[in-house]
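What follows is the content of protein-v7.csv (CSV, C-alpha atoms and all ligand atoms).
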chain,number,residue,atom,x,y,z
A,1,MET,CA,25.0,-8.8,-42.7
A,2,ILE,CA,22.2,-7.4,-44.8
A,3,LEU,CA,22.3,-4.2,-46.8
A,4,LEU,CA,19.0,-2.7,-48.0
A,5,LYS,CA,19.6,-0.4,-50.9
A,6,ASN,CA,17.3,2.4,-52.3
A,7,GLY,CA,14.6,2.2,-49.6
A,8,ARG,CA,12.7,5.1,-48.2
A,9,ILE,CA,11.9,5.7,-44.5
A,10,ASN,CA,9.4,8.0,-42.9
A,11,LEU,CA,10.9,11.2,-41.4
A,12,ASN,CA,8.3,13.7,-40.3
A,13,ASN,CA,5.7,12.3,-42.6
A,14,LYS,CA,8.0,12.5,-45.6
A,15,LEU,CA,9.6,9.5,-47.3
A,16,VAL,CA,13.3,10.0,-47.5
A,17,LYS,CA,15.7,7.7,-49.5
A,18,LYS,CA,18.1,5.7,-47.3
A,19,ASP,CA,20.3,2.7,-47.4
A,20,ILE,CA,20.2,0.5,-44.3
A,21,LEU,CA,22.9,-1.8,-43.0
A,22,ILE,CA,21.9,-4.6,-40.6
A,23,GLU,CA,24.5,-6.6,-38.7
A,24,GLY,CA,23.3,-9.5,-36.5
A,25,ASP,CA,19.9,-8.5,-35.1
A,26,THR,CA,20.6,-4.8,-35.2
A,27,ILE,CA,20.3,-1.8,-37.5
A,28,VAL,CA,23.9,-0.5,-37.5
A,29,LYS,CA,23.8,2.2,-40.1
A,30,ILE,CA,21.3,4.4,-41.9
A,31,ALA,CA,22.7,6.7,-44.6
A,32,ASP,CA,21.9,8.4,-47.9
A,33,GLU,CA,24.2,5.8,-49.5
A,34,ILE,CA,26.1,2.8,-48.1
A,35,LYS,CA,28.6,1.3,-50.5
A,36,GLY,CA,28.4,-2.4,-51.2
A,37,ASP,CA,26.2,-5.1,-52.7
A,38,GLY,CA,22.8,-5.5,-51.2
A,39,ILE,CA,19.1,-6.0,-51.7
A,40,ASP,CA,17.7,-3.4,-54.0
A,41,VAL,CA,14.3,-2.6,-52.6
A,42,LYS,CA,13.5,-0.1,-55.4
A,43,GLY,CA,12.0,2.8,-53.5
A,44,GLY,CA,10.0,0.5,-51.1
A,45,TYR,CA,8.8,2.1,-47.9
A,46,ILE,CA,10.9,0.6,-45.0
A,47,CYS,CA,8.4,0.5,-42.1
A,48,PRO,CA,8.8,-0.5,-38.5
A,49,GLY,CA,7.9,-4.2,-38.1
A,50,LEU,CA,4.1,-4.4,-37.7
A,51,THR,CA,2.4,-5.6,-34.6
A,52,ASP,CA,-1.0,-7.2,-34.3
A,53,ILE,CA,-2.3,-7.8,-30.8
A,54,HIS,CA,-5.3,-10.0,-32.0
A,55,VAL,CA,-4.9,-13.1,-34.2
A,56,HIS,CA,-6.1,-16.6,-34.0
A,57,PHE,CA,-3.5,-19.2,-35.0
A,58,ARG,CA,-5.7,-22.2,-33.9
A,59,ALA,CA,-2.9,-24.4,-32.5
A,60,PRO,CA,-3.1,-26.5,-30.5
A,61,GLY,CA,-6.4,-28.0,-31.3
A,62,PHE,CA,-7.6,-26.7,-34.7
A,63,GLU,CA,-4.7,-27.3,-37.0
A,64,LYS,CA,-6.9,-27.8,-40.0
A,65,LYS,CA,-7.7,-24.1,-39.8
A,66,GLU,CA,-4.1,-22.8,-39.1
A,67,THR,CA,-0.9,-23.7,-37.4
A,68,ILE,CA,1.7,-21.5,-35.7
A,69,LYS,CA,3.9,-22.1,-38.7
A,70,THR,CA,1.3,-21.1,-41.4
A,71,GLY,CA,-0.1,-18.3,-39.2
A,72,SER,CA,3.4,-16.8,-38.5
A,73,MET,CA,4.4,-17.2,-42.2
A,74,ALA,CA,1.2,-15.4,-43.3
A,75,SER,CA,2.0,-12.7,-40.7
A,76,ALA,CA,5.6,-12.3,-42.0
A,77,LYS,CA,4.1,-11.9,-45.5
A,78,GLY,CA,1.8,-9.2,-44.2
A,79,GLY,CA,4.8,-7.3,-42.7
A,80,PHE,CA,4.2,-8.3,-39.1
A,81,THR,CA,7.1,-9.1,-36.7
A,82,THR,CA,5.0,-9.5,-33.5
A,83,VAL,CA,1.5,-11.0,-33.1
A,84,LEU,CA,-0.5,-11.9,-30.0
A,85,ALA,CA,-2.4,-15.2,-30.4
A,86,MET,CA,-5.8,-15.7,-28.8
A,87,PRO,CA,-6.5,-18.6,-26.5
A,88,ASN,CA,-9.7,-20.1,-28.0
A,89,LEU,CA,-7.8,-23.3,-28.5
A,90,ASN,CA,-7.9,-27.0,-27.4
A,91,PRO,CA,-6.8,-27.3,-24.7
A,92,VAL,CA,-7.5,-23.7,-23.7
A,93,PRO,CA,-4.3,-22.2,-22.1
A,94,ASP,CA,-5.9,-21.7,-18.7
A,95,CYS,CA,-3.1,-23.4,-16.7
A,96,LEU,CA,0.6,-23.8,-17.1
A,97,GLU,CA,0.4,-27.3,-18.4
A,98,ASN,CA,-1.9,-26.3,-21.2
A,99,LEU,CA,0.0,-23.1,-22.0
A,100,ALA,CA,3.2,-25.2,-22.3
A,101,ILE,CA,1.7,-27.1,-25.3
A,102,GLU,CA,1.3,-23.8,-27.2
A,103,GLU,CA,4.6,-22.5,-26.0
A,104,GLU,CA,6.3,-25.6,-27.4
A,105,LEU,CA,4.7,-25.1,-30.8
A,106,ILE,CA,5.7,-21.5,-30.9
A,107,LYS,CA,9.3,-22.4,-30.1
A,108,LYS,CA,9.3,-24.9,-32.9
A,109,GLU,CA,7.3,-23.3,-35.6
A,110,ALA,CA,7.1,-19.5,-35.3
A,111,VAL,CA,9.1,-17.4,-37.8
A,112,ILE,CA,8.3,-14.1,-36.1
A,113,GLU,CA,7.5,-13.2,-32.5
A,114,VAL,CA,4.3,-15.0,-31.4
A,115,LEU,CA,3.1,-14.2,-27.9
A,116,PRO,CA,0.3,-16.2,-26.4
A,117,TYR,CA,-2.7,-14.9,-24.5
A,118,ALA,CA,-3.8,-17.2,-21.7
A,119,SER,CA,-7.5,-17.3,-21.0
A,120,VAL,CA,-9.0,-15.2,-18.2
A,121,THR,CA,-11.4,-18.0,-17.1
A,122,VAL,CA,-11.0,-21.8,-17.1
A,123,GLY,CA,-12.0,-23.1,-20.6
A,124,GLU,CA,-13.2,-19.5,-21.4
A,125,LYS,CA,-16.4,-20.5,-19.6
A,126,SER,CA,-16.7,-17.6,-17.2
A,127,THR,CA,-17.3,-19.8,-14.2
A,128,LYS,CA,-13.8,-20.0,-12.6
A,129,VAL,CA,-10.7,-17.8,-12.9
A,130,SER,CA,-7.7,-19.3,-14.8
A,131,ASP,CA,-4.5,-20.1,-12.8
A,132,ILE,CA,-3.3,-16.6,-13.2
A,133,ASP,CA,-1.1,-16.9,-10.1
A,134,ASN,CA,1.2,-19.3,-12.0
A,135,LEU,CA,0.5,-18.2,-15.6
A,136,LYS,CA,1.7,-14.7,-14.9
A,137,ASP,CA,5.3,-15.8,-15.0
A,138,HIS,CA,4.8,-17.0,-18.6
A,139,THR,CA,2.6,-14.4,-20.1
A,140,ARG,CA,1.3,-10.9,-19.5
A,141,PHE,CA,-1.7,-11.3,-21.8
A,142,TYR,CA,-5.2,-12.5,-20.9
A,143,SER,CA,-8.4,-12.8,-22.9
A,144,ASP,CA,-11.5,-15.0,-23.3
A,145,ASP,CA,-11.8,-13.9,-26.9
A,146,GLY,CA,-14.5,-15.6,-29.0
A,147,VAL,CA,-17.0,-15.3,-26.1
A,148,GLY,CA,-18.1,-12.6,-23.8
A,149,PHE,CA,-17.8,-12.6,-20.0
A,150,SER,CA,-21.1,-13.8,-18.5
A,151,ASP,CA,-20.3,-13.9,-14.8
A,152,TYR,CA,-19.2,-10.5,-13.5
A,153,GLU,CA,-18.2,-11.8,-10.1
A,154,VAL,CA,-15.7,-14.1,-11.7
A,155,LEU,CA,-14.6,-11.2,-14.0
A,156,ASP,CA,-14.0,-9.0,-10.9
A,157,GLU,CA,-11.9,-11.7,-9.3
A,158,ALA,CA,-9.8,-12.0,-12.5
A,159,LEU,CA,-9.4,-8.3,-12.7
A,160,GLU,CA,-8.1,-8.1,-9.2
A,161,LYS,CA,-5.4,-10.5,-10.1
A,162,ILE,CA,-4.7,-8.7,-13.4
A,163,LYS,CA,-4.3,-5.5,-11.5
A,164,LYS,CA,-2.2,-7.1,-8.7
A,165,TYR,CA,0.3,-8.6,-11.2
A,166,ASP,CA,0.2,-5.6,-13.7
A,167,LEU,CA,-1.1,-7.8,-16.6
A,168,PHE,CA,-2.9,-6.9,-19.9
A,169,VAL,CA,-6.5,-8.0,-20.4
A,170,ALA,CA,-8.3,-7.8,-23.8
A,171,SER,CA,-12.1,-8.3,-23.8
A,172,HIS,CA,-14.4,-9.6,-26.4
A,173,ALA,CA,-17.4,-7.6,-25.1
A,174,GLU,CA,-20.6,-9.4,-26.0
A,175,ASP,CA,-23.8,-9.7,-24.0
A,176,LYS,CA,-24.9,-13.3,-23.9
A,177,ILE,CA,-28.5,-12.6,-24.7
A,178,LEU,CA,-28.3,-9.7,-27.1
A,179,ARG,CA,-25.3,-11.3,-28.9
A,180,TYR,CA,-24.5,-9.8,-32.3
A,181,ALA,CA,-26.9,-6.9,-32.2
A,182,PRO,CA,-25.2,-3.5,-31.7
A,183,ALA,CA,-26.5,-3.4,-28.1
A,184,GLY,CA,-25.0,-6.8,-27.5
A,185,GLU,CA,-21.6,-5.0,-27.9
A,186,TYR,CA,-22.2,-1.7,-26.3
A,187,GLU,CA,-24.2,-2.9,-23.3
A,188,ALA,CA,-21.3,-5.3,-22.5
A,189,VAL,CA,-18.9,-2.4,-23.1
A,190,ARG,CA,-20.7,-0.1,-20.7
A,191,ARG,CA,-20.9,-2.8,-18.0
A,192,GLU,CA,-17.3,-3.8,-18.3
A,193,ILE,CA,-16.0,-0.3,-18.2
A,194,ALA,CA,-17.9,0.1,-14.9
A,195,HIS,CA,-16.2,-3.0,-13.6
A,196,ALA,CA,-12.7,-1.9,-14.7
A,197,LYS,CA,-13.4,1.4,-13.0
A,198,LYS,CA,-14.5,-0.2,-9.8
A,199,ILE,CA,-11.3,-2.4,-9.7
A,200,GLY,CA,-9.1,0.4,-11.1
A,201,VAL,CA,-7.4,-1.7,-13.8
A,202,HIS,CA,-6.3,-1.0,-17.4
A,203,TYR,CA,-9.0,-2.6,-19.6
A,204,HIS,CA,-8.7,-3.2,-23.4
A,205,LEU,CA,-11.7,-3.7,-25.6
A,206,CYS,CA,-11.3,-5.8,-28.8
A,207,HIS,CA,-12.7,-5.1,-32.3
A,208,MET,CA,-15.1,-2.2,-31.3
A,209,SER,CA,-17.7,-1.5,-34.0
A,210,THR,CA,-20.6,0.7,-32.7
A,211,LYS,CA,-20.9,4.4,-32.0
A,212,GLU,CA,-22.3,3.8,-28.6
A,213,SER,CA,-19.2,1.7,-27.7
A,214,PHE,CA,-16.9,4.4,-28.9
A,215,ASP,CA,-18.9,7.1,-27.0
A,216,ALA,CA,-18.7,5.0,-23.8
A,217,ILE,CA,-14.9,4.6,-24.3
A,218,ARG,CA,-14.4,8.3,-25.1
A,219,GLU,CA,-16.3,9.2,-22.0
A,220,ALA,CA,-14.2,6.9,-19.8
A,221,GLN,CA,-11.0,8.2,-21.3
A,222,LYS,CA,-12.1,11.8,-20.6
A,223,GLU,CA,-12.7,10.7,-17.0
A,224,GLY,CA,-9.1,9.6,-16.9
A,225,LEU,CA,-9.9,5.8,-16.8
A,226,ASP,CA,-7.3,3.5,-18.5
A,227,ILE,CA,-9.7,2.1,-21.1
A,228,THR,CA,-8.3,1.4,-24.6
A,229,CYS,CA,-9.6,-0.2,-27.7
A,230,GLU,CA,-8.7,-1.6,-31.1
A,231,VAL,CA,-10.6,-1.5,-34.5
A,232,THR,CA,-10.3,-3.9,-37.3
A,233,PRO,CA,-9.6,-3.3,-41.0
A,234,HIS,CA,-12.9,-5.0,-41.9
A,235,HIS,CA,-15.0,-2.7,-39.7
A,236,LEU,CA,-13.1,0.3,-41.1
A,237,PHE,CA,-13.5,-0.6,-44.7
A,238,LEU,CA,-16.6,-2.7,-45.1
A,239,ASN,CA,-20.2,-2.4,-44.0
A,240,GLU,CA,-23.3,-4.6,-44.1
A,241,ASN,CA,-24.1,-3.6,-47.6
A,242,ASP,CA,-20.9,-5.2,-48.8
A,243,ILE,CA,-21.8,-8.7,-47.6
A,244,LYS,CA,-21.6,-11.1,-50.5
A,245,ASN,CA,-20.7,-14.6,-49.1
A,246,PRO,CA,-19.5,-16.3,-45.9
A,247,ASN,CA,-16.1,-14.6,-46.2
A,248,PHE,CA,-17.9,-11.5,-45.0
A,249,LYS,CA,-19.2,-13.2,-41.9
A,250,MET,CA,-17.4,-12.4,-38.6
A,251,ASN,CA,-18.2,-11.4,-35.0
A,252,PRO,CA,-18.8,-8.6,-34.4
A,253,PRO,CA,-20.5,-8.5,-37.7
A,254,LEU,CA,-20.3,-5.9,-40.4
A,255,ARG,CA,-22.6,-3.1,-39.4
A,256,SER,CA,-24.4,-0.1,-40.9
A,257,LYS,CA,-22.5,2.5,-43.0
A,258,GLU,CA,-23.0,5.0,-40.1
A,259,TYR,CA,-21.3,2.6,-37.7
A,260,GLN,CA,-18.5,2.1,-40.2
A,261,GLN,CA,-18.0,5.9,-40.3
A,262,GLU,CA,-18.0,6.0,-36.5
A,263,THR,CA,-15.3,3.3,-36.5
A,264,LEU,CA,-13.0,5.5,-38.6
A,265,LYS,CA,-13.8,8.5,-36.6
A,266,ALA,CA,-12.8,6.7,-33.4
A,267,LEU,CA,-9.5,5.8,-34.9
A,268,LEU,CA,-8.8,9.3,-36.2
A,269,ASP,CA,-9.7,11.0,-32.9
A,270,GLY,CA,-7.6,8.6,-30.9
A,271,THR,CA,-10.4,6.8,-29.1
A,272,ALA,CA,-9.1,3.6,-30.7
A,273,CYS,CA,-5.3,3.5,-30.5
A,274,CYS,CA,-4.5,0.6,-32.8
A,275,ILE,CA,-5.6,-1.6,-35.7
A,276,ALA,CA,-5.8,-5.3,-35.0
A,277,THR,CA,-7.0,-7.8,-37.6
A,278,ASP,CA,-8.8,-10.5,-35.6
A,279,HIS,CA,-7.3,-12.8,-38.2
A,280,ALA,CA,-9.6,-15.8,-37.9
A,281,PRO,CA,-8.9,-18.6,-40.4
A,282,HIS,CA,-11.5,-21.4,-41.0
A,283,THR,CA,-11.3,-24.3,-43.5
A,284,GLU,CA,-12.8,-23.9,-47.0
A,285,GLU,CA,-15.2,-26.7,-46.1
A,286,GLU,CA,-16.5,-24.8,-43.0
A,287,LYS,CA,-16.8,-21.6,-45.0
A,288,SER,CA,-18.6,-23.2,-47.9
A,289,GLN,CA,-21.6,-24.0,-45.8
A,290,ALA,CA,-24.7,-21.8,-46.0
A,291,TYR,CA,-24.2,-18.3,-44.6
A,292,ASP,CA,-26.2,-18.9,-41.4
A,293,LYS,CA,-24.4,-22.1,-40.7
A,294,CYS,CA,-20.8,-21.2,-41.3
A,295,PRO,CA,-18.5,-20.1,-38.5
A,296,ASN,CA,-17.7,-16.4,-37.8
A,297,GLY,CA,-14.3,-15.1,-38.8
A,298,ILE,CA,-12.2,-13.9,-41.7
A,299,ILE,CA,-8.5,-13.8,-42.3
A,300,GLY,CA,-6.7,-10.5,-42.3
A,301,ILE,CA,-3.1,-10.6,-41.5
A,302,GLU,CA,-1.9,-10.4,-45.2
A,303,THR,CA,-4.1,-7.5,-46.2
A,304,SER,CA,-4.1,-5.2,-43.2
A,305,ALA,CA,-1.1,-3.0,-44.3
A,306,PRO,CA,-2.2,-2.6,-47.9
A,307,LEU,CA,-5.8,-1.8,-46.9
A,308,VAL,CA,-4.8,0.8,-44.3
A,309,TYR,CA,-2.2,2.3,-46.6
A,310,THR,CA,-4.4,2.4,-49.7
A,311,LYS,CA,-7.6,3.6,-48.1
A,312,LEU,CA,-6.3,5.9,-45.4
A,313,VAL,CA,-2.7,7.1,-46.3
A,314,LYS,CA,-2.8,7.2,-50.1
A,315,THR,CA,-6.1,9.0,-49.9
A,316,GLY,CA,-4.7,11.7,-47.6
A,317,ILE,CA,-7.1,10.8,-44.7
A,318,ALA,CA,-4.1,9.8,-42.5
A,319,THR,CA,-0.4,10.5,-42.3
A,320,LEU,CA,2.5,8.0,-42.5
A,321,ASP,CA,3.1,8.7,-38.8
A,322,GLN,CA,-0.5,7.7,-38.0
A,323,PHE,CA,0.0,4.6,-40.1
A,324,GLU,CA,3.1,3.6,-38.1
A,325,ASP,CA,1.4,4.4,-34.9
A,326,TRP,CA,-1.7,2.4,-35.5
A,327,MET,CA,0.1,-0.6,-37.0
A,328,SER,CA,3.2,-0.8,-34.9
A,329,ASN,CA,4.0,1.9,-32.3
A,330,ASN,CA,0.7,2.1,-30.4
A,331,PRO,CA,0.1,-1.6,-30.1
A,332,ARG,CA,3.6,-2.0,-28.9
A,333,ARG,CA,3.2,0.8,-26.3
A,334,LEU,CA,0.0,-0.9,-25.2
A,335,ILE,CA,1.7,-4.2,-24.5
A,336,ARG,CA,4.9,-2.5,-23.4
A,337,LEU,CA,7.3,-3.8,-26.1
A,338,PRO,CA,10.1,-1.6,-27.4
A,339,LEU,CA,9.3,0.3,-30.6
A,340,ASN,CA,10.5,-1.0,-33.9
A,341,SER,CA,11.6,2.5,-35.0
A,342,ILE,CA,14.0,2.5,-38.0
A,343,LYS,CA,17.0,3.9,-36.1
A,344,GLU,CA,20.6,3.0,-35.7
A,345,GLY,CA,21.1,0.7,-32.7
A,346,ASN,CA,17.5,-0.6,-32.8
A,347,LYS,CA,16.6,-4.2,-33.4
A,348,ALA,CA,16.2,-5.0,-37.1
A,349,ASN,CA,12.4,-5.6,-37.1
A,350,LEU,CA,11.0,-4.1,-40.3
A,351,CYS,CA,9.0,-4.6,-43.5
A,352,VAL,CA,9.3,-3.0,-46.9
A,353,LEU,CA,6.0,-2.0,-48.5
A,354,ASP,CA,5.6,-1.6,-52.2
A,355,ILE,CA,3.6,1.6,-52.2
A,356,ASP,CA,4.2,2.5,-55.9
A,357,HIS,CA,2.5,-0.5,-57.5
A,358,GLU,CA,-1.1,-1.8,-57.4
A,359,HIS,CA,-1.6,-5.5,-56.9
A,360,ILE,CA,-4.7,-7.6,-57.1
A,361,TYR,CA,-4.9,-9.8,-54.0
A,362,SER,CA,-5.5,-13.3,-55.1
A,363,LYS,CA,-6.6,-16.5,-53.3
A,364,GLU,CA,-3.5,-18.3,-54.8
A,365,GLU,CA,-1.0,-16.1,-53.0
A,366,ILE,CA,-2.5,-16.6,-49.5
A,367,LEU,CA,-0.1,-18.2,-47.1
A,368,SER,CA,-2.6,-18.6,-44.3
A,369,LYS,CA,-4.4,-22.0,-44.3
A,370,GLY,CA,-7.6,-20.0,-44.2
A,371,LYS,CA,-8.7,-18.6,-47.6
A,372,ASN,CA,-11.6,-16.8,-46.0
A,373,SER,CA,-10.9,-13.2,-47.1
A,374,PRO,CA,-13.5,-10.7,-48.2
A,375,PHE,CA,-10.7,-8.8,-49.9
A,376,ILE,CA,-9.8,-11.3,-52.6
A,377,GLY,CA,-9.9,-9.6,-56.0
A,378,GLU,CA,-9.2,-6.1,-54.5
A,379,SER,CA,-6.6,-4.0,-56.1
A,380,LEU,CA,-4.4,-2.3,-53.4
A,381,TYR,CA,-1.1,-0.5,-53.0
A,382,GLY,CA,1.4,-1.2,-50.2
A,383,PHE,CA,1.7,-5.0,-50.2
A,384,ASN,CA,4.7,-6.1,-48.3
A,385,MET,CA,7.8,-7.2,-50.3
A,386,LEU,CA,10.3,-8.1,-47.5
A,387,THR,CA,10.1,-8.8,-43.8
A,388,ILE,CA,13.1,-8.8,-41.5
A,389,TYR,CA,12.7,-10.1,-37.9
A,390,LEU,CA,15.7,-9.8,-35.6
A,391,GLY,CA,18.1,-9.4,-38.6
A,392,ASN,CA,16.7,-12.5,-40.4
A,393,ILE,CA,14.7,-12.4,-43.7
A,394,VAL,CA,11.5,-14.2,-42.8
A,395,TYR,CA,9.6,-13.2,-45.9
A,396,GLN,CA,10.7,-12.1,-49.4
A,397,LYS,CA,8.5,-11.7,-52.4
B,1,LIG,O1,-15.2,-13.5,-36.1
B,1,LIG,C1,-14.7,-14.1,-35.1
B,1,LIG,N1,-13.9,-15.1,-35.2
B,1,LIG,N2,-15.0,-13.6,-33.9
B,1,LIG,C2,-14.7,-14.2,-32.8
B,1,LIG,O2,-15.0,-13.7,-31.8
B,1,LIG,C3,-13.9,-15.4,-32.8
B,1,LIG,C4,-13.2,-15.6,-34.0
B,1,LIG,C5,-12.8,-17.0,-34.2
B,1,LIG,O3,-12.1,-17.6,-33.3
B,1,LIG,O4,-13.0,-17.6,-35.3
B,2,ZN,ZN,-13.5,-11.4,-30.4
B,3,ZN,ZN,-10.7,-12.7,-32.1
As structure tokens:
Amino acid sequence: MILLKNGRINLNNKLVKKDILIEGDTIVKIADEIKGDGIDVKGGYICPGLTDIHVHFRAPGFEKKETIKTGSMASAKGGFTTVLAMPNLNPVPDCLENLAIEEELIKKEAVIEVLPYASVTVGEKSTKVSDIDNLKDHTRFYSDDGVGFSDYEVLDEALEKIKKYDLFVASHAEDKILRYAPAGEYEAVRREIAHAKKIGVHYHLCHMSTKESFDAIREAQKEGLDITCEVTPHHLFLNENDIKNPNFKMNPPLRSKEYQQETLKALLDGTACCIATDHAPHTEEEKSQAYDKCPNGIIGIETSAPLVYTKLVKTGIATLDQFEDWMSNNPRRLIRLPLNSIKEGNKANLCVLDIDHEHIYSKEEILSKGKNSPFIGESLYGFNMLTIYLGNIVYQK
């Protein structure tokens, strides 16, 4: 039994003081006051457990960068209770045997819900479709994140299976010749939307960052196509003028101020339905190389909530409802998981954000193995103090 005292929950965009009683894995009572000893959360914002549909936990294969244990602990620190892990691993989970290795690590090490993506193509090489016929019984989630699709016949064949089995596909849209240029993203987006339309399948686009991409997605949505997309905190809150060191290097890269503004616009008008971090840890050794040489990717799972809270909610640009939608409800709807609403009878998956105090994010506090954050030294509100996953405390400051 866990009793949370003096928390506040969001009711119609207002924070209302409540005590919350948890028994087993369930929220059993929410009331103005519940008698008894408990954890005093001191006015903290009790928020539905956050969900990130796009993280890289690097295991199996790249455990120097991250493991399921460190990645899931960092996620718990960030307030997340569910994350989806990308398949650019070694071995790539493109068949049951390979996926089983990752599943075993998740079973042993994860402190929150970690759901694996299998790859769309064998080895993420775009030449042959993964063994989706068998993988489908183990995971609904498919991506070749890290690389773009380069053979559209193979993509069509994969999409037919994804449609047939009612699975979820998330695309890293990148033209293999234009690469990191804005057109490298939006040309691939336009092509892929056409393929999704032809097959008639739900198609999700990862980390969108250009106006032309958002316009293509808007247009498709208007037409009634089931095209969705996510945006990242870094594309929302940084642009190319902010680049200082390799911890600002990722793919898609930081773009112009205009594209940054278009990213926020797409989130606010609903073109993008959720925020996903693309948490991509690398070792300090890798990231201390010259800018041109070092790998793409930044961590993000520990700073997503305070960034979005401070820069969008506290400023009045967005509401608490929007915050909960982008960070929890919408990604969960997208992948068809039950919502983590703070309600009696619901599973106790929640976090408690300290929205009244500013905190300077420091390298020393990072739980991820990767220290490659562009937000080190930033002063933010809304850092998470406590995470409960299925009734268990998985992070407490
Ligand atoms: O910045 C990125 N990092 N973009 C990607 O597409 C891959 C990811 C990674 O795996 O490091
Ligand atoms: Zn990607
Ligand atoms: Zn990624």
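Near ligand ZN 2 (chain B), the residues found within 7 Å are Asp145, Gly146, Val147, His172, Cys206, His207 and Asn251 of chain A (criterion computed using all atoms listed in the file).
Compared by their closest atoms to A:Val154, and using all atoms listed in the file, the residues A:Val129, A:Ile355, A:Ala196, A:Leu236 rank with A:Val129 nearest.
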| message | Can you tell me which residues surround A:Phe80 at a distance of at most 6 Å, considering all atoms listed in the file, apart from same-chain residues fewer than 4 positions away, and format the answer as a PyMOL selection string? | response | chain A and resi 49-51+75-76
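When the distance limit is 6 Å and all atoms listed in the file are what count, the residues near stretch 215-229 of chain A, minus those fewer than 4 positions from it on the same chain, are A:His202, A:Tyr203, A:His204, A:Leu205, A:Cys206, A:Thr271, A:Ala272.
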| request: Starting from the point (-19.5, -8.9, -24.9), work out which residues of protein, DNA or RNA have an atom no more than 7 Å away when counting all atoms listed in the file; state them as a count of residues only. | output: 11
For ligand LIG 1 (chain B), collect every residue having any atom at a distance of at most 10 Å from a ligand atom (counting all atoms listed in the file); output as a PDB file with C-alpha atoms, in the frame of the given file.
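Result file out-v5.pdb:
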ATOM      1  CA  HIS A  54      -5.300 -10.000 -32.000  1.00  0.00           C
ATOM      2  CA  VAL A  55      -4.900 -13.100 -34.200  1.00  0.00           C
ATOM      3  CA  HIS A  56      -6.100 -16.600 -34.000  1.00  0.00           C
ATOM      4  CA  PHE A  57      -3.500 -19.200 -35.000  1.00  0.00           C
ATOM      5  CA  ARG A  58      -5.700 -22.200 -33.900  1.00  0.00           C
ATOM      6  CA  LYS A  65      -7.700 -24.100 -39.800  1.00  0.00           C
ATOM      7  CA  MET A  86      -5.800 -15.700 -28.800  1.00  0.00           C
ATOM      8  CA  PRO A  87      -6.500 -18.600 -26.500  1.00  0.00           C
ATOM      9  CA  ASN A  88      -9.700 -20.100 -28.000  1.00  0.00           C
ATOM     10  CA  LEU A  89      -7.800 -23.300 -28.500  1.00  0.00           C
ATOM     11  CA  ASP A 144     -11.500 -15.000 -23.300  1.00  0.00           C
ATOM     12  CA  ASP A 145     -11.800 -13.900 -26.900  1.00  0.00           C
ATOM     13  CA  GLY A 146     -14.500 -15.600 -29.000  1.00  0.00           C
ATOM     14  CA  VAL A 147     -17.000 -15.300 -26.100  1.00  0.00           C
ATOM     15  CA  GLY A 148     -18.100 -12.600 -23.800  1.00  0.00           C
ATOM     16  CA  HIS A 172     -14.400  -9.600 -26.400  1.00  0.00           C
ATOM     17  CA  ALA A 173     -17.400  -7.600 -25.100  1.00  0.00           C
ATOM     18  CA  GLU A 174     -20.600  -9.400 -26.000  1.00  0.00           C
ATOM     19  CA  CYS A 206     -11.300  -5.800 -28.800  1.00  0.00           C
ATOM     20  CA  HIS A 207     -12.700  -5.100 -32.300  1.00  0.00           C
ATOM     21  CA  PHE A 248     -17.900 -11.500 -45.000  1.00  0.00           C
ATOM     22  CA  LYS A 249     -19.200 -13.200 -41.900  1.00  0.00           C
ATOM     23  CA  MET A 250     -17.400 -12.400 -38.600  1.00  0.00           C
ATOM     24  CA  ASN A 251     -18.200 -11.400 -35.000  1.00  0.00           C
ATOM     25  CA  PRO A 252     -18.800  -8.600 -34.400  1.00  0.00           C
ATOM     26  CA  PRO A 253     -20.500  -8.500 -37.700  1.00  0.00           C
ATOM     27  CA  ASP A 278      -8.800 -10.500 -35.600  1.00  0.00           C
ATOM     28  CA  HIS A 279      -7.300 -12.800 -38.200  1.00  0.00           C
ATOM     29  CA  ALA A 280      -9.600 -15.800 -37.900  1.00  0.00           C
ATOM     30  CA  PRO A 281      -8.900 -18.600 -40.400  1.00  0.00           C
ATOM     31  CA  HIS A 282     -11.500 -21.400 -41.000  1.00  0.00           C
ATOM     32  CA  PRO A 295     -18.500 -20.100 -38.500  1.00  0.00           C
ATOM     33  CA  ASN A 296     -17.700 -16.400 -37.800  1.00  0.00           C
ATOM     34  CA  GLY A 297     -14.300 -15.100 -38.800  1.00  0.00           C
ATOM     35  CA  ILE A 298     -12.200 -13.900 -41.700  1.00  0.00           C
ATOM     36  CA  ILE A 299      -8.500 -13.800 -42.300  1.00  0.00           C
TER      37      ILE A 299
END
| message | Applying 12 Å and only C-alpha atoms, which residues near A:Lys257 remain after dropping the ones on its own chain fewer than 2 positions away? List them as a VMD selection string. | response | chain A and resid 209 to 211 235 to 242 254 to 255 259 to 264
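Between atom CA of A:Ala183 and atom CA of A:Ile275 there is a distance of 22.3 Å.
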| task | Determine, counting all atoms listed in the file, which protein, DNA and RNA residues have an atom within 8 Å of an atom of A:Asn134; residues of the same chain fewer than 4 positions away are not included. Present the result as a ChimeraX atom specification. | result | /A:95-96,138
| note | A:Ile27 proximity check over A:Asp94, A:Asp166, A:Glu344, A:Glu364, using all atoms listed in the file: winner is A:Glu344
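Candidate residues A:Asp52, A:Glu192, A:Asp151, A:Glu324 were compared for distance to ligand ZN 3 (chain B), and the nearest is A:Asp52, using all atoms listed in the file.
The shortest atom-to-atom distance to ligand ZN 3 (chain B), with only C-alpha atoms and all ligand atoms taken into account, belongs to A:Ser171 out of A:Asn340, A:Thr387, A:Ser171, A:Asn346.
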